[in-house]
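Below is work.cif, which holds mmCIF, C-alpha atoms and all ligand atoms.
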data_data
#
loop_
_atom_site.label_atom_id
_atom_site.label_comp_id
_atom_site.auth_asym_id
_atom_site.auth_seq_id
_atom_site.Cartn_x
_atom_site.Cartn_y
_atom_site.Cartn_z
CA MET P 1 0.00 0.00 0.00
CA LYS P 2 2.88 2.37 0.81
CA ALA P 3 4.23 1.97 -2.75
CA ARG P 4 0.78 2.67 -4.23
CA ILE P 5 0.40 5.86 -2.18
CA LYS P 6 3.95 6.93 -3.08
CA SER P 7 3.20 6.46 -6.76
CA PHE P 8 -0.06 8.45 -6.37
CA ILE P 9 1.89 11.33 -4.78
CA LEU P 10 4.41 11.35 -7.64
CA LYS P 11 1.60 11.43 -10.21
CA ILE P 12 -0.30 14.14 -8.33
CA ASP P 13 2.83 16.31 -8.20
CA LYS P 14 3.57 15.72 -11.89
CA ASN P 15 0.05 16.76 -12.85
CA LEU P 16 -0.01 19.79 -10.54
CA ASP P 17 3.18 20.87 -12.27
CA LYS P 18 1.42 20.48 -15.63
CA TYR P 19 -1.72 22.35 -14.53
CA LEU P 20 0.26 25.22 -12.98
CA PRO P 21 3.21 25.68 -15.37
CA ALA P 22 6.25 27.47 -14.00
CA SER P 23 6.79 29.52 -17.13
CA ALA P 24 3.20 30.76 -17.57
CA TYR P 25 2.32 34.46 -17.64
CA PRO P 26 1.91 36.44 -15.37
CA GLU P 27 4.87 34.74 -13.72
CA ILE P 28 4.43 36.18 -10.22
CA ILE P 29 1.01 34.64 -9.63
CA TYR P 30 2.10 31.21 -10.91
CA LYS P 31 5.19 31.51 -8.71
CA ALA P 32 3.04 32.17 -5.63
CA MET P 33 0.57 29.39 -6.47
CA ARG P 34 3.41 26.92 -7.08
CA TYR P 35 5.26 28.06 -3.93
CA SER P 36 2.33 26.99 -1.75
CA ILE P 37 1.23 23.96 -3.75
CA PHE P 38 4.76 22.49 -3.74
CA ALA P 39 5.54 23.39 -0.12
CA GLY P 40 5.31 19.77 1.03
CA GLY P 41 1.65 18.98 1.77
CA LYS P 42 0.67 15.38 2.49
CA ARG P 43 -1.72 15.28 -0.54
CA LEU P 44 -4.38 13.50 1.54
CA ARG P 45 -7.40 14.88 -0.29
CA PRO P 46 -6.26 13.99 -3.83
CA ILE P 47 -5.12 10.56 -2.61
CA LEU P 48 -8.63 9.99 -1.24
CA THR P 49 -10.19 10.90 -4.60
CA LEU P 50 -7.85 8.59 -6.52
CA LEU P 51 -8.25 5.70 -4.08
CA THR P 52 -12.05 5.96 -4.01
CA ALA P 53 -12.32 6.10 -7.80
CA GLU P 54 -10.06 3.04 -8.13
CA THR P 55 -12.04 1.26 -5.41
CA CYS P 56 -15.14 1.80 -7.56
CA GLY P 57 -13.49 0.59 -10.75
CA LEU P 58 -12.38 3.82 -12.47
CA SER P 59 -8.70 4.45 -13.19
CA ALA P 60 -6.81 6.98 -11.08
CA SER P 61 -5.65 8.75 -14.25
CA ALA P 62 -9.27 9.46 -15.29
CA VAL P 63 -9.96 11.41 -12.08
CA MET P 64 -6.50 13.02 -11.76
CA PRO P 65 -7.72 16.54 -12.73
CA VAL P 66 -10.36 16.40 -9.99
CA ALA P 67 -7.83 15.02 -7.49
CA CYS P 68 -5.48 17.93 -8.28
CA ALA P 69 -8.43 20.32 -7.99
CA MET P 70 -9.00 19.07 -4.43
CA GLU P 71 -5.39 19.88 -3.53
CA MET P 72 -5.73 23.35 -5.11
CA ILE P 73 -8.88 24.12 -3.09
CA HIS P 74 -7.19 22.88 0.09
CA THR P 75 -4.06 24.95 -0.58
CA TYR P 76 -6.13 28.06 -1.32
CA SER P 77 -7.85 27.64 2.07
CA LEU P 78 -4.48 27.40 3.84
CA ILE P 79 -3.11 30.52 2.07
CA HIS P 80 -6.18 32.54 3.04
CA ASP P 81 -6.33 31.09 6.54
CA ASP P 82 -2.74 32.23 7.17
CA LEU P 83 -3.41 35.86 6.14
CA PRO P 84 -3.05 38.63 8.75
CA ALA P 85 -6.83 39.19 8.70
CA MET P 86 -7.39 35.54 9.61
CA ASP P 87 -4.94 33.40 11.60
CA ASN P 88 -1.95 35.65 10.86
CA ASP P 89 0.61 32.86 10.59
CA ASP P 90 4.22 33.14 9.43
CA TYR P 91 4.85 29.44 8.74
CA ARG P 92 3.00 26.73 6.86
CA ARG P 93 4.27 23.37 5.67
CA GLY P 94 7.61 24.30 7.23
CA LYS P 95 8.10 27.36 5.03
CA LEU P 96 7.21 31.04 5.21
CA THR P 97 3.51 31.52 4.45
CA CYS P 98 2.52 32.76 0.99
CA HIS P 99 1.84 36.35 2.12
CA LYS P 100 5.17 36.49 4.01
CA GLN P 101 6.97 35.43 0.84
CA PHE P 102 4.98 37.33 -1.81
CA GLY P 103 3.01 40.03 0.05
CA GLU P 104 -0.65 40.06 0.96
CA ALA P 105 -2.17 41.11 -2.36
CA THR P 106 -0.39 38.38 -4.33
CA ALA P 107 -1.23 35.77 -1.67
CA ILE P 108 -4.94 36.68 -1.80
CA LEU P 109 -4.88 36.41 -5.59
CA ALA P 110 -2.90 33.14 -5.49
CA GLY P 111 -5.65 31.67 -3.27
CA ASP P 112 -8.39 32.98 -5.57
CA ALA P 113 -6.56 31.65 -8.62
CA LEU P 114 -6.13 28.18 -7.11
CA LEU P 115 -9.82 28.00 -6.25
CA THR P 116 -10.96 29.03 -9.73
CA ARG P 117 -8.36 26.89 -11.54
CA ALA P 118 -9.70 23.95 -9.53
CA PHE P 119 -13.19 24.35 -10.98
CA GLU P 120 -11.78 24.86 -14.47
CA LEU P 121 -10.10 21.44 -14.11
CA ILE P 122 -13.26 19.81 -12.75
CA PHE P 123 -15.29 20.98 -15.77
CA GLU P 124 -12.49 19.99 -18.16
CA THR P 125 -12.93 16.40 -16.98
CA SER P 126 -15.82 16.35 -19.49
CA LYS P 127 -13.15 15.82 -22.20
CA ASN P 128 -12.82 12.30 -20.82
CA LYS P 129 -15.59 10.31 -22.46
CA THR P 130 -15.29 7.41 -19.99
CA ILE P 131 -16.92 9.57 -17.31
CA LYS P 132 -20.63 10.35 -17.58
CA PRO P 133 -21.21 14.14 -17.91
CA TYR P 134 -23.95 14.01 -15.28
CA ASN P 135 -21.46 12.53 -12.80
CA ILE P 136 -19.03 15.40 -13.47
CA ILE P 137 -21.76 17.95 -12.72
CA LYS P 138 -22.76 16.03 -9.58
CA ALA P 139 -19.15 15.74 -8.34
CA GLY P 140 -18.56 19.45 -9.10
CA ALA P 141 -21.66 20.42 -7.14
CA GLU P 142 -20.55 18.28 -4.16
CA ILE P 143 -17.10 19.90 -4.20
CA ALA P 144 -18.52 23.44 -4.53
CA LYS P 145 -20.87 22.81 -1.61
CA ALA P 146 -18.03 21.48 0.53
CA ALA P 147 -15.74 24.43 -0.27
CA GLY P 148 -18.42 27.09 0.14
CA VAL P 149 -20.65 28.59 2.76
CA ARG P 150 -22.43 25.26 3.35
CA GLY P 151 -19.04 23.66 4.01
CA MET P 152 -15.53 24.97 4.69
CA ILE P 153 -16.34 28.70 4.64
CA GLY P 154 -19.33 28.20 6.93
CA GLY P 155 -17.03 26.31 9.32
CA GLN P 156 -14.35 28.99 9.13
CA VAL P 157 -16.90 31.71 9.98
CA VAL P 158 -18.15 29.78 13.02
CA ASP P 159 -14.49 29.24 14.00
CA MET P 160 -13.93 33.00 13.91
CA LEU P 161 -17.10 33.71 15.87
CA SER P 162 -16.20 31.10 18.51
CA GLU P 163 -12.82 32.53 19.54
CA ARG P 164 -12.70 33.39 23.25
CA LYS P 165 -16.25 32.06 23.70
CA LYS P 166 -17.83 29.11 25.43
CA ILE P 167 -19.71 27.29 22.70
CA SER P 168 -22.08 24.32 22.74
CA LYS P 169 -21.09 20.79 21.75
CA GLU P 170 -23.31 21.15 18.67
CA THR P 171 -21.54 24.34 17.55
CA LEU P 172 -18.14 22.68 18.04
CA THR P 173 -19.24 19.72 15.92
CA TYR P 174 -20.59 22.07 13.22
CA LEU P 175 -17.29 23.93 13.19
CA HIS P 176 -15.15 20.78 12.83
CA THR P 177 -17.35 18.94 10.34
CA HIS P 178 -17.64 22.03 8.10
CA LYS P 179 -14.19 23.66 8.36
CA THR P 180 -12.21 20.49 7.69
CA GLY P 181 -14.48 17.47 7.38
CA ALA P 182 -16.55 18.70 4.43
CA LEU P 183 -13.65 18.90 1.95
CA ILE P 184 -12.23 15.55 3.07
CA SER P 185 -15.61 13.92 2.64
CA ALA P 186 -16.14 15.62 -0.75
CA ALA P 187 -12.78 14.28 -1.98
CA ILE P 188 -14.09 10.76 -1.32
CA VAL P 189 -17.63 11.32 -2.60
CA ALA P 190 -16.30 12.94 -5.81
CA GLY P 191 -14.20 9.83 -6.53
CA ALA P 192 -17.23 7.59 -5.98
CA VAL P 193 -19.60 9.74 -8.05
CA LEU P 194 -17.16 10.04 -10.99
CA ALA P 195 -16.72 6.26 -10.94
CA ASP P 196 -20.51 5.86 -11.14
CA ALA P 197 -20.84 4.15 -7.77
CA THR P 198 -24.39 3.14 -6.84
CA PRO P 199 -26.51 5.61 -4.79
CA ALA P 200 -26.28 3.27 -1.78
CA GLU P 201 -22.47 3.16 -2.07
CA ARG P 202 -22.28 6.96 -2.39
CA ILE P 203 -24.16 7.31 0.90
CA LEU P 204 -21.77 4.87 2.61
CA PHE P 205 -18.72 6.71 1.21
CA GLU P 206 -20.14 10.00 2.44
CA ARG P 207 -20.75 8.58 5.92
CA PHE P 208 -17.21 7.15 5.92
CA GLY P 209 -15.84 10.56 4.81
CA ASN P 210 -17.76 12.42 7.50
CA LYS P 211 -16.36 10.16 10.22
CA ILE P 212 -12.73 10.34 9.13
CA GLY P 213 -13.03 14.07 8.37
CA LEU P 214 -14.16 14.81 11.92
CA ALA P 215 -11.45 12.51 13.33
CA PHE P 216 -8.85 14.36 11.22
CA GLN P 217 -9.78 17.72 12.76
CA ILE P 218 -9.85 16.30 16.30
CA ILE P 219 -6.32 14.96 15.75
CA ASP P 220 -5.36 18.40 14.37
CA ASP P 221 -6.56 19.96 17.64
CA ILE P 222 -4.55 17.38 19.62
CA LEU P 223 -1.39 17.95 17.55
CA ASP P 224 -1.65 21.70 18.09
CA VAL P 225 -1.13 20.94 21.79
CA THR P 226 1.24 17.96 21.68
CA ALA P 227 3.45 18.37 18.60
CA ASN P 228 6.24 20.88 18.11
CA SER P 229 6.23 23.50 15.36
CA LYS P 230 9.13 21.89 13.49
CA ILE P 231 7.37 18.56 13.02
CA LEU P 232 4.02 20.25 12.38
CA GLY P 233 5.44 22.65 9.79
CA LYS P 234 3.34 25.46 11.28
CA THR P 235 3.25 27.28 14.58
CA SER P 236 1.96 24.94 17.30
CA GLY P 237 0.04 26.13 20.36
CA LYS P 238 -1.80 28.73 18.29
CA ASP P 239 -5.28 27.42 19.15
CA ALA P 240 -4.77 27.92 22.88
CA ALA P 241 -3.05 31.29 22.33
CA ALA P 242 -6.05 32.55 20.32
CA ASP P 243 -8.45 30.81 22.72
CA LYS P 244 -9.96 28.87 19.83
CA ALA P 245 -12.85 26.48 20.15
CA THR P 246 -11.19 23.07 19.93
CA TYR P 247 -11.98 19.51 20.96
CA VAL P 248 -9.09 19.62 23.43
CA LYS P 249 -10.38 22.81 25.06
CA HIS P 250 -13.88 21.34 25.27
CA TYR P 251 -13.19 17.72 26.25
CA GLY P 252 -9.51 17.50 27.26
CA LEU P 253 -6.70 15.53 25.57
CA LYS P 254 -7.64 12.01 26.63
CA ALA P 255 -11.33 12.23 25.72
CA SER P 256 -10.44 13.87 22.38
CA GLN P 257 -8.05 11.02 21.51
CA HIS P 258 -10.73 8.53 22.50
CA ALA P 259 -13.34 10.32 20.35
CA ALA P 260 -11.06 10.29 17.31
CA GLU P 261 -10.27 6.58 17.75
CA LYS P 262 -13.99 5.78 18.07
CA LEU P 263 -14.76 7.70 14.88
CA ILE P 264 -12.11 5.78 12.94
CA LEU P 265 -13.49 2.46 14.21
CA GLU P 266 -17.00 3.52 13.16
CA ALA P 267 -15.66 4.64 9.78
CA LYS P 268 -14.13 1.22 9.22
CA VAL P 269 -17.44 -0.49 10.06
CA ILE P 270 -19.13 1.66 7.38
CA LEU P 271 -16.37 0.82 4.90
CA GLY P 272 -16.94 -2.88 5.63
CA LYS P 273 -20.46 -2.54 4.22
CA ILE P 274 -19.11 -1.56 0.78
CA LYS P 275 -18.66 -4.70 -1.25
CA ARG P 276 -15.44 -3.58 -2.96
CA ASP P 277 -11.74 -3.79 -2.17
CA THR P 278 -11.49 -1.00 0.40
CA VAL P 279 -8.07 -1.89 1.86
CA GLY P 280 -6.47 1.35 0.60
CA LEU P 281 -9.14 3.56 2.16
CA GLU P 282 -8.87 1.61 5.40
CA SER P 283 -5.13 2.30 5.55
CA ILE P 284 -5.76 6.04 5.06
CA ALA P 285 -8.28 5.94 7.92
CA ASP P 286 -5.58 4.32 10.08
CA PHE P 287 -3.08 7.00 9.05
CA PHE P 288 -5.52 9.73 10.09
CA ILE P 289 -5.45 8.50 13.69
CA LYS P 290 -1.72 7.74 13.80
CA ARG P 291 -0.42 10.87 12.10
CA THR P 292 2.11 13.01 13.93
CA TYR P 293 2.05 16.02 11.56
C1 LIG H 301 -9.84 30.65 4.68
C2 LIG H 301 -11.62 29.88 3.05
C3 LIG H 301 -10.81 29.65 4.22
C4 LIG H 301 -10.96 28.49 4.86
C5 LIG H 301 -10.10 28.09 5.92
C6 LIG H 301 -9.39 24.59 6.22
C7 LIG H 301 -9.38 25.97 6.73
C8 LIG H 301 -10.54 26.78 6.46
C9 LIG H 301 -8.35 26.49 7.36
C10 LIG H 301 -7.15 25.78 7.63
C11 LIG H 301 -6.87 25.90 9.06
C12 LIG H 301 -6.47 24.63 9.59
C13 LIG H 301 -5.04 24.47 9.89
C14 LIG H 301 -7.38 23.68 9.79
C15 LIG H 301 -7.02 22.43 10.38
C16 LIG H 301 -7.22 21.26 9.49
C17 LIG H 301 -6.38 21.33 8.32
C18 LIG H 301 -7.06 21.73 7.10
C19 LIG H 301 -5.10 21.03 8.41
C20 LIG H 301 -4.17 21.01 7.30
O1 LIG H 301 -4.40 19.90 6.49
P1 LIG H 301 -3.26 18.85 6.17
O2 LIG H 301 -2.70 18.31 7.44
O3 LIG H 301 -2.19 19.82 5.50
O4 LIG H 301 -3.77 17.87 5.19
P2 LIG H 301 -1.08 19.53 4.40
O5 LIG H 301 -0.12 20.69 4.55
O6 LIG H 301 -0.43 18.21 4.69
O7 LIG H 301 -1.78 19.55 3.09
#
So that I can check it, write out the structure of this file as structure tokens.
Amino acid sequence: MKARIKSFILKIDKNLDKYLPASAYPEIIYKAMRYSIFAGGKRLRPILTLLTAETCGLSASAVMPVACAMEMIHTYSLIHDDLPAMDNDDYRRGKLTCHKQFGEATAILAGDALLTRAFELIFETSKNKTIKPYNIIKAGAEIAKAAGVRGMIGGQVVDMLSERKKISKETLTYLHTHKTGALISAAIVAGAVLADATPAERILFERFGNKIGLAFQIIDDILDVTANSKILGKTSGKDAAADKATYVKHYGLKASQHAAEKLILEAKVILGKIKRDTVGLESIADFFIKRTY
């Protein structure tokens, strides 16, 4: 499985390089987009899209543009999240943040450009006649929903509003499932939809994605407390410093770890109901709980 994931990462990087050419005009914006996209991310979201599509019988190469689009949307969210008006961070993926390297205006535009290039790539998937056009529209709609106000942006707004406040368990769950979980789940659902999975399978993939997406954010909250900045590639301890609403603040370290482990177990039970070879997705679920960065 390790070799398969490694080969996915190589292919994702090769295609990102193709979709965001170094020599394209205007150079400065491509430079900024490439700086953040090639800063050393784990590529989890595109891997999930490729793995799910393969699990459902469609080749990874057929869904590669959509997989790369997922990484572009994710990277845009990190660039904007690091801006002075948001989390005001100097480091991301172990390097200076985009605005520290290129200035705020270029960083804002680099984020915007990654988001819009992502949807260009999703629509361009229609050139591939092995994928049903309706499935491309459906996958695109799922991704747009997850990236927008009914997903990641909604979660980010509630995150902002929750700083220095005591919030309910329901608000905390909304925040986590929308800010981080929605895009992770959409990466999986998009792979299933493009591969023409059955409606029942799509629902199971979505439920699996929701579980591992929430677990991913809980682990992120834990790592902010337990990991050091060097390993994390970004400033640790920032959640507590900004008095952010996190699982750790709400439930404590031990209960948060337990909650994440329970979610991964539940996710694997859901995966077990899908009558396909889901070994790859299971190993990603395991990585989510074991990750140290
Ligand atoms: C600003 C539109 C906008 C949205 C921001 C996702 C998000 C919403 C902000 C990112 C803040 C953050 C650090 C959230 C924690 C979860 C998360 C997305 C962590 C980073 O994901 P990884 O670990 O990162 O997959 P790499 O660098 O490996 O790609």
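Environment of ligand LIG 301 (chain H), defined as every protein or nucleic acid residue with an atom within 7 Å of it and counting all atoms listed in the file, comprises Gly40, Gly41, Lys42, Arg43, Leu44, His74, Thr75, Ser77, Leu78, His80, Asp81, Arg93, Met152, Ile153, Gln156, Lys179, Thr180, Gln217, Asp220 and Tyr293 of chain P.
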Smallest atom-to-atom distance to P:Tyr174: which of P:Leu121, P:Ala245, P:Ala187, P:Val63, using all atoms listed in the file? P:Ala245
Atom pair atom CA of P:Glu71 / atom CA of P:Thr226: separation (Å): 26.1 Å
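Shortest atom-to-atom contact with P:Gly57 among P:Asp196, P:Asp82, P:Asp221, P:Asp286: P:Asp196, counting only C-alpha atoms.
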Leaving out P:Val158 and any residue of its chain fewer than 5 positions from it, which residues lie within 12 Å of it when counting only C-alpha atoms, given as an mmCIF file with C-alpha atoms, in the frame of the given file?
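Written file, selection-v6.cif:
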data_model
loop_
_atom_site.group_PDB
_atom_site.id
_atom_site.type_symbol
_atom_site.label_atom_id
_atom_site.label_comp_id
_atom_site.auth_asym_id
_atom_site.auth_seq_id
_atom_site.Cartn_x
_atom_site.Cartn_y
_atom_site.Cartn_z
ATOM 1 C CA VAL P 149 -20.650 28.590 2.760
ATOM 2 C CA ARG P 150 -22.430 25.260 3.350
ATOM 3 C CA GLY P 151 -19.040 23.660 4.010
ATOM 4 C CA MET P 152 -15.530 24.970 4.690
ATOM 5 C CA ILE P 153 -16.340 28.700 4.640
ATOM 6 C CA GLU P 163 -12.820 32.530 19.540
ATOM 7 C CA LYS P 165 -16.250 32.060 23.700
ATOM 8 C CA ILE P 167 -19.710 27.290 22.700
ATOM 9 C CA SER P 168 -22.080 24.320 22.740
ATOM 10 C CA GLU P 170 -23.310 21.150 18.670
ATOM 11 C CA THR P 171 -21.540 24.340 17.550
ATOM 12 C CA LEU P 172 -18.140 22.680 18.040
ATOM 13 C CA THR P 173 -19.240 19.720 15.920
ATOM 14 C CA TYR P 174 -20.590 22.070 13.220
ATOM 15 C CA LEU P 175 -17.290 23.930 13.190
ATOM 16 C CA HIS P 176 -15.150 20.780 12.830
ATOM 17 C CA THR P 177 -17.350 18.940 10.340
ATOM 18 C CA HIS P 178 -17.640 22.030 8.100
ATOM 19 C CA LYS P 179 -14.190 23.660 8.360
ATOM 20 C CA LYS P 244 -9.960 28.870 19.830
ATOM 21 C CA ALA P 245 -12.850 26.480 20.150
ATOM 22 C CA THR P 246 -11.190 23.070 19.930
#
Any chance you could work out the axis-aligned box around stretch 269-273 of chain P, listed atoms only, 6 Å on each side, giving centre and edge lengths in Å to one decimal, as JSON?
{"center_x": -18.4, "center_y": -0.6, "center_z": 7.1, "size_x": 16.1, "size_y": 16.5, "size_z": 17.8}
Within 12 Å of P:Thr125, counting only C-alpha atoms, which residues qualify if same-chain residues fewer than 6 places away don't, as a PyMOL selection string? chain P and resi 61-69+118-119+131-137+139-140+194
Could you please take those selected residues and save C-alpha atoms as an mmCIF file, in the coordinates of the input?
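result_11.cif, written as the output of this step:
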data_model
loop_
_atom_site.group_PDB
_atom_site.id
_atom_site.type_symbol
_atom_site.label_atom_id
_atom_site.label_comp_id
_atom_site.auth_asym_id
_atom_site.auth_seq_id
_atom_site.Cartn_x
_atom_site.Cartn_y
_atom_site.Cartn_z
ATOM 1 C CA SER P 61 -5.650 8.750 -14.250
ATOM 2 C CA ALA P 62 -9.270 9.460 -15.290
ATOM 3 C CA VAL P 63 -9.960 11.410 -12.080
ATOM 4 C CA MET P 64 -6.500 13.020 -11.760
ATOM 5 C CA PRO P 65 -7.720 16.540 -12.730
ATOM 6 C CA VAL P 66 -10.360 16.400 -9.990
ATOM 7 C CA ALA P 67 -7.830 15.020 -7.490
ATOM 8 C CA CYS P 68 -5.480 17.930 -8.280
ATOM 9 C CA ALA P 69 -8.430 20.320 -7.990
ATOM 10 C CA ALA P 118 -9.700 23.950 -9.530
ATOM 11 C CA PHE P 119 -13.190 24.350 -10.980
ATOM 12 C CA ILE P 131 -16.920 9.570 -17.310
ATOM 13 C CA LYS P 132 -20.630 10.350 -17.580
ATOM 14 C CA PRO P 133 -21.210 14.140 -17.910
ATOM 15 C CA TYR P 134 -23.950 14.010 -15.280
ATOM 16 C CA ASN P 135 -21.460 12.530 -12.800
ATOM 17 C CA ILE P 136 -19.030 15.400 -13.470
ATOM 18 C CA ILE P 137 -21.760 17.950 -12.720
ATOM 19 C CA ALA P 139 -19.150 15.740 -8.340
ATOM 20 C CA GLY P 140 -18.560 19.450 -9.100
ATOM 21 C CA LEU P 194 -17.160 10.040 -10.990
#
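Minimum distance to P:Ala113 across P:Tyr19, P:Tyr35, P:Tyr91, P:Tyr76 (counting only C-alpha atoms) occurs at P:Tyr76.
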Kindly give the distance, in Å, that separates atom CA of P:Asp239 and atom CA of P:Arg164, rounded to a single decimal. 10.4 Å
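Residue nearest P:Ser229 within the list P:Asp17, P:Asp90, P:Glu54, P:Glu120: P:Asp90 [criterion: smallest interatomic distance, all atoms listed in the file].
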Name the residues in contact with stretch 207-214 of chain P at a cut-off of 9 Å, using all atoms listed in the file, excluding same-chain residues fewer than 5 positions from it; report them as a list in words. Thr173, His176, Thr177, His178, Thr180, Gly181, Ala182, Leu183, Ile184, Ser185, Ala186, Ala187, Ile188, Val189, Arg202, Ile219, Ala260, Leu263, Ile264, Glu266, Ala267, Lys268, Val269, Ile270, Leu271, Ala285, Phe288 and Ile289 of chain P
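Going from atom CA of P:Asp277 over to atom CA of P:Thr52, you cover 9.9 Å.
Nearest to P:Ser283 of all the residues P:Lys14, P:Ala241, P:Ile47, P:Gln101 is P:Ile47, counting only C-alpha atoms.
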Restricting to all atoms listed in the file, whichever of P:Leu265, P:Leu58, P:Leu115, P:Ile143 is closest to P:Thr130 is P:Leu58
Around the point (0.9, 27.5, -8.4) (coordinates from the file), which residues reach within 12 Å if we count all atoms listed in the file? Answer as a ChimeraX atom specification. /P:13,15-39,68-69,71-73,75-76,79,98,106-107,109-115,117-118
